[in-house]
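Written below as structure tokens is the structure these notes are about.
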Amino acid sequence: MYKNLYLKKGKEESLERFHPWIFSGAIHHIEGEPEEGEVVRVLTSEGDFIAVGHWQIGSIAVRVLDFEDKAVDGAYWEDRLRVAYDLRCAIGVAGHEKGNDTYRLVHGEGDCLPGLVVDVYGKTAVMQAHSVGMHVARHEIARALVAVTGGTVENVYYKSETTLPFKAELGQENGFIVGGSTENVAVENGLKFHIDWLKGQKTGFFVDQRDNRLLLEHYAHGRAVLNMFCYTGGFSVYAMRGGATLVHSVDSSAKAIDLTRANVELNFPGDARHEAYAEDAFKYLDAIKYLDRMGDQYDLIILDPPAFAKHKDALRQALKGYARLNAKAFSKIKPGGILFTFSCSQVVSKDHFRTAVFTAAAQSGRRVRILHQLHQPADHPVNIYHPEGEYLKGLVLYVE
């Protein structure tokens, strides 16, 4: 059976509030020497059971799987994944919905499966482990994925080379652990996208912007659109379907630009409204001529940069970066323009981000109004006991 881990006196309070993390400083002692990734039972200083979870070396020593004393086996994974899948069916992104086979099936702590992310693209699920425990259980989890989706998922690609703790020295390689497929086109809201799960960022596509892309489509009609940090061109493709007069996609990665062009061609072959540029975002914005002269006149700009801060020590510099980036957009956007601006940095709160954008607006001297306050979609749920899971925030702004 599992080894017992005893907490220091009073350190069970966060667990009594169902928070899924146990920090190393809360541990009094462990019976035996568990291997990293092993399941342990967590007991109070008085010896009362409180949780089971994955043991891991580091600041977060245990990621809690359950607050009931139960075995974590194949049946357990199937039960938890069925709950996650049923949620996706209930919100209309999985099951037999037409026009969409792209969604997040597991969102870590949001689905009471800390350390695990699973995105589904058609018949292929891409699985990422962010903890050694999930890595150890990857084959059981993969079998459960196929079972709970009723066979709609036929392939499971494991992509955890860059997400697992490097000190664990697992020697992990990416690859299919169930099936295998060269078909990499998935459908989102009726639009087709090439998914690069082999070498692309994250699992190959940013599923978390699905609802926000649909909102952008609503505003795109008759507008000249600039999509900064375009990656796979998701916002660009939606803008074109929405009736944009032109769409320019910009990313510093030439590979991302190639993928954007391929996705535009997949949906709008030969459409001359789209152009793509492999350039640094700040340099590109600096190069745009002032709006009262010859040059591009954008009246819809999307700013969706990668995380500027991945830990609290980088927060101050990140906020300066967001302010600087948005200030440049405010200085370039046409009067009556609309700005979609985002932060995916978990350590940047909604208030932090809004203050940075406020600073940028004030510096520009433009009149700015908030039309929408955006967040991650329902297939990226936030565990009410783990507010840290709310990472994506965005604003839609009208600029006079």
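Identifiers in this document derive from the order of the structure tokens: chains are assigned A, B, ..., residues are numbered from 1 separately in each chain, and ligands are numbered from 1 in order of occurrence.
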
10 Å contact set for Ile141 of chain A, only C-alpha atoms, chain neighbours under 2 positions out, as a ChimeraX atom specification: /A:73-78,80-81,116,127,134-139,143-147,156

All residues 10 Å or closer to Glu400 of chain A, only C-alpha atoms, same chain fewer than 3 positions away omitted, as a PyMOL selection string: chain A and resi 330+333-338+366-369+397

Go ahead and write the selection's residues with N, CA, C and O atoms as a compact mmCIF listing (two decimals), in the first residue's frame.
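Wrote selection_11.txt, looks like this:
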```txt
# COMPACT_ATOMS: atom_id res chain seq x y z
N PHE A 330 -1.79 51.55 -29.04
CA PHE A 330 -2.65 52.73 -28.91
C PHE A 330 -2.17 53.86 -29.83
O PHE A 330 -2.98 54.62 -30.37
N ILE A 333 -3.18 52.63 -33.70
CA ILE A 333 -4.50 52.21 -34.15
C ILE A 333 -5.32 53.40 -34.65
O ILE A 333 -5.22 54.51 -34.13
N LYS A 334 -6.10 53.16 -35.66
CA LYS A 334 -6.92 54.19 -36.28
C LYS A 334 -8.03 54.64 -35.33
O LYS A 334 -8.55 53.84 -34.55
N PRO A 335 -8.44 55.91 -35.34
CA PRO A 335 -9.56 56.36 -34.52
C PRO A 335 -10.81 55.53 -34.81
O PRO A 335 -11.13 55.24 -35.97
N GLY A 336 -11.49 55.12 -33.75
CA GLY A 336 -12.63 54.23 -33.90
C GLY A 336 -12.21 52.77 -33.98
O GLY A 336 -13.04 51.90 -34.26
N GLY A 337 -10.93 52.51 -33.70
CA GLY A 337 -10.40 51.15 -33.79
C GLY A 337 -10.70 50.33 -32.55
O GLY A 337 -11.08 50.85 -31.50
N ILE A 338 -10.53 49.03 -32.69
CA ILE A 338 -10.77 48.09 -31.59
C ILE A 338 -9.50 47.30 -31.32
O ILE A 338 -8.87 46.79 -32.25
N ARG A 366 -5.20 58.81 -25.64
CA ARG A 366 -6.41 58.47 -26.39
C ARG A 366 -7.57 58.21 -25.44
O ARG A 366 -7.39 57.78 -24.30
N ARG A 367 -8.81 58.45 -25.89
CA ARG A 367 -9.99 58.06 -25.13
C ARG A 367 -10.23 56.58 -25.38
O ARG A 367 -10.37 56.16 -26.54
N VAL A 368 -10.31 55.80 -24.33
CA VAL A 368 -10.40 54.34 -24.44
C VAL A 368 -11.53 53.83 -23.55
O VAL A 368 -11.66 54.24 -22.40
N ARG A 369 -12.34 52.93 -24.11
CA ARG A 369 -13.43 52.33 -23.33
C ARG A 369 -13.37 50.81 -23.41
O ARG A 369 -13.02 50.25 -24.46
N LEU A 397 -11.09 46.73 -26.34
CA LEU A 397 -11.13 48.17 -26.09
C LEU A 397 -11.53 48.93 -27.36
O LEU A 397 -11.10 48.59 -28.47
```

Contacts between segment 371-383 of chain A and segment 50-154 of chain A, please, where a residue of segment 50-154 of chain A counts if it comes within 6 Å (with only C-alpha atoms); show its shortest atom pair and distance in Å to one decimal, rows by chain and ascending number, as JSON lines.
```
{"residue": "A:Arg104", "atom": "CA", "partner": "A:Asp379", "partner_atom": "CA", "distance": 5.6}
{"residue": "A:His107", "atom": "CA", "partner": "A:His380", "partner_atom": "CA", "distance": 5.6}
{"residue": "A:Gly110", "atom": "CA", "partner": "A:Asn383", "partner_atom": "CA", "distance": 4.4}
```

Sel. of helix (DSSP H, G or I) residues, segment 177-242 of chain A, as a PDB file with N, CA and C atoms, in the first residue's frame:
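Generated file (result-v8.pdb):
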```
ATOM      1  N   VAL A 207      -5.828  26.319 -27.773  1.00  0.00           N
ATOM      2  CA  VAL A 207      -7.259  26.041 -27.681  1.00  0.00           C
ATOM      3  C   VAL A 207      -7.971  27.073 -26.818  1.00  0.00           C
ATOM      4  N   ASP A 208      -7.241  27.699 -25.896  1.00  0.00           N
ATOM      5  CA  ASP A 208      -7.884  28.581 -24.909  1.00  0.00           C
ATOM      6  C   ASP A 208      -8.434  29.880 -25.497  1.00  0.00           C
ATOM      7  N   GLN A 209      -8.129  30.186 -26.758  1.00  0.00           N
ATOM      8  CA  GLN A 209      -8.642  31.416 -27.359  1.00  0.00           C
ATOM      9  C   GLN A 209      -9.843  31.168 -28.269  1.00  0.00           C
ATOM     10  N   ARG A 210     -10.416  29.986 -28.235  1.00  0.00           N
ATOM     11  CA  ARG A 210     -11.515  29.644 -29.153  1.00  0.00           C
ATOM     12  C   ARG A 210     -12.663  30.646 -29.068  1.00  0.00           C
ATOM     13  N   ASP A 211     -13.193  30.893 -27.880  1.00  0.00           N
ATOM     14  CA  ASP A 211     -14.342  31.793 -27.732  1.00  0.00           C
ATOM     15  C   ASP A 211     -13.969  33.227 -28.096  1.00  0.00           C
ATOM     16  N   ASN A 212     -12.732  33.622 -27.776  1.00  0.00           N
ATOM     17  CA  ASN A 212     -12.301  34.987 -28.064  1.00  0.00           C
ATOM     18  C   ASN A 212     -12.064  35.194 -29.554  1.00  0.00           C
ATOM     19  N   ARG A 213     -11.639  34.136 -30.240  1.00  0.00           N
ATOM     20  CA  ARG A 213     -11.531  34.229 -31.705  1.00  0.00           C
ATOM     21  C   ARG A 213     -12.904  34.425 -32.336  1.00  0.00           C
ATOM     22  N   LEU A 214     -13.899  33.736 -31.799  1.00  0.00           N
ATOM     23  CA  LEU A 214     -15.256  33.868 -32.323  1.00  0.00           C
ATOM     24  C   LEU A 214     -15.786  35.298 -32.101  1.00  0.00           C
ATOM     25  N   LEU A 215     -15.459  35.891 -30.955  1.00  0.00           N
ATOM     26  CA  LEU A 215     -15.855  37.271 -30.688  1.00  0.00           C
ATOM     27  C   LEU A 215     -15.164  38.222 -31.661  1.00  0.00           C
ATOM     28  N   LEU A 216     -13.890  37.980 -31.928  1.00  0.00           N
ATOM     29  CA  LEU A 216     -13.164  38.830 -32.871  1.00  0.00           C
ATOM     30  C   LEU A 216     -13.811  38.787 -34.251  1.00  0.00           C
ATOM     31  N   GLU A 217     -14.264  37.611 -34.671  1.00  0.00           N
ATOM     32  CA  GLU A 217     -14.928  37.487 -35.967  1.00  0.00           C
ATOM     33  C   GLU A 217     -16.113  38.443 -36.062  1.00  0.00           C
ATOM     34  N   HIS A 218     -16.828  38.598 -34.965  1.00  0.00           N
ATOM     35  CA  HIS A 218     -17.984  39.482 -34.913  1.00  0.00           C
ATOM     36  C   HIS A 218     -17.603  40.934 -35.208  1.00  0.00           C
ATOM     37  N   TYR A 219     -16.398  41.337 -34.792  1.00  0.00           N
ATOM     38  CA  TYR A 219     -15.973  42.733 -34.964  1.00  0.00           C
ATOM     39  C   TYR A 219     -15.159  42.976 -36.233  1.00  0.00           C
ATOM     40  N   GLY A 234      -4.693  31.726 -35.790  1.00  0.00           N
ATOM     41  CA  GLY A 234      -6.090  31.496 -35.421  1.00  0.00           C
ATOM     42  C   GLY A 234      -6.951  32.737 -35.547  1.00  0.00           C
ATOM     43  N   PHE A 235      -6.518  33.838 -34.935  1.00  0.00           N
ATOM     44  CA  PHE A 235      -7.295  35.077 -35.012  1.00  0.00           C
ATOM     45  C   PHE A 235      -7.395  35.571 -36.450  1.00  0.00           C
ATOM     46  N   SER A 236      -6.349  35.372 -37.233  1.00  0.00           N
ATOM     47  CA  SER A 236      -6.341  35.837 -38.624  1.00  0.00           C
ATOM     48  C   SER A 236      -7.408  35.130 -39.451  1.00  0.00           C
ATOM     49  N   VAL A 237      -7.503  33.808 -39.276  1.00  0.00           N
ATOM     50  CA  VAL A 237      -8.481  33.035 -40.047  1.00  0.00           C
ATOM     51  C   VAL A 237      -9.903  33.446 -39.681  1.00  0.00           C
ATOM     52  N   TYR A 238     -10.165  33.641 -38.386  1.00  0.00           N
ATOM     53  CA  TYR A 238     -11.502  34.078 -37.955  1.00  0.00           C
ATOM     54  C   TYR A 238     -11.811  35.476 -38.487  1.00  0.00           C
ATOM     55  N   ALA A 239     -10.815  36.367 -38.497  1.00  0.00           N
ATOM     56  CA  ALA A 239     -11.036  37.722 -39.005  1.00  0.00           C
ATOM     57  C   ALA A 239     -11.412  37.694 -40.475  1.00  0.00           C
ATOM     58  N   MET A 240     -10.779  36.813 -41.220  1.00  0.00           N
ATOM     59  CA  MET A 240     -11.092  36.719 -42.647  1.00  0.00           C
ATOM     60  C   MET A 240     -12.511  36.203 -42.857  1.00  0.00           C
ATOM     61  N   ARG A 241     -12.911  35.200 -42.082  1.00  0.00           N
ATOM     62  CA  ARG A 241     -14.294  34.730 -42.212  1.00  0.00           C
ATOM     63  C   ARG A 241     -15.277  35.812 -41.793  1.00  0.00           C
TER      64      ARG A 241
END
```

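Between atom CA of Glu173 of chain A and atom CA of Lys255 of chain A lies a distance of 21.8 Å.
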
Per-residue DSSP, segment 235-394 of chain A, filtered to strand (DSSP E), as an NGL selection string: :A and (246-251 or 274-278 or 300-303 or 337-343 or 368-375 or 393-394)

Which residue of A:Thr149, A:Asn326, A:Thr162, A:Ser253 approaches Ala278 of chain A most closely, using only C-alpha atoms: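 Of A:Thr149, A:Asn326, A:Thr162, A:Ser253, the one nearest Ala278 of chain A is A:Ser253, counting only C-alpha atoms.
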
Of the listed residues A:Gly95, A:Thr163, A:Gly133, A:Glu33, that which approaches His54 of chain A most closely, counting only C-alpha atoms: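 Closest candidate: A:Gly133.
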
Mind running segment 91-163 of chain A against segment 60-70 of chain A at 7 Å and telling me each contacting residue's nearest atom pair with the distance in Å (one decimal), counting only C-alpha atoms, chain and number ascending, as a Markdown table?
```
| residue | atom | partner | partner_atom | distance |
| --- | --- | --- | --- | --- |
| A:Cys112 | CA | A:Leu65 | CA | 6.4 |
| A:Leu113 | CA | A:Leu65 | CA | 6.2 |
| A:Pro114 | CA | A:Arg63 | CA | 6.1 |
```

Write the residues of the selection above to a file with all heavy atoms, as a compact mmCIF listing (two decimals), in the first residue's frame.
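Below is the file result_16.txt, written as the result:
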```
# COMPACT_ATOMS: atom_id res chain seq x y z
N CYS A 112 -9.34 18.47 -11.32
CA CYS A 112 -8.89 17.65 -10.18
C CYS A 112 -7.86 16.61 -10.63
O CYS A 112 -7.80 15.49 -10.09
CB CYS A 112 -10.06 16.98 -9.48
SG CYS A 112 -11.29 18.16 -8.86
N LEU A 113 -7.06 16.96 -11.63
CA LEU A 113 -5.98 16.10 -12.12
C LEU A 113 -4.71 16.94 -12.25
O LEU A 113 -4.22 17.19 -13.36
CB LEU A 113 -6.37 15.48 -13.48
CG LEU A 113 -7.46 14.41 -13.43
CD1 LEU A 113 -8.03 14.15 -14.81
CD2 LEU A 113 -6.93 13.13 -12.81
N PRO A 114 -4.18 17.41 -11.13
CA PRO A 114 -3.03 18.33 -11.17
C PRO A 114 -1.81 17.71 -11.84
O PRO A 114 -1.47 16.56 -11.59
CB PRO A 114 -2.75 18.61 -9.68
CG PRO A 114 -3.38 17.50 -8.94
CD PRO A 114 -4.57 17.09 -9.75
```
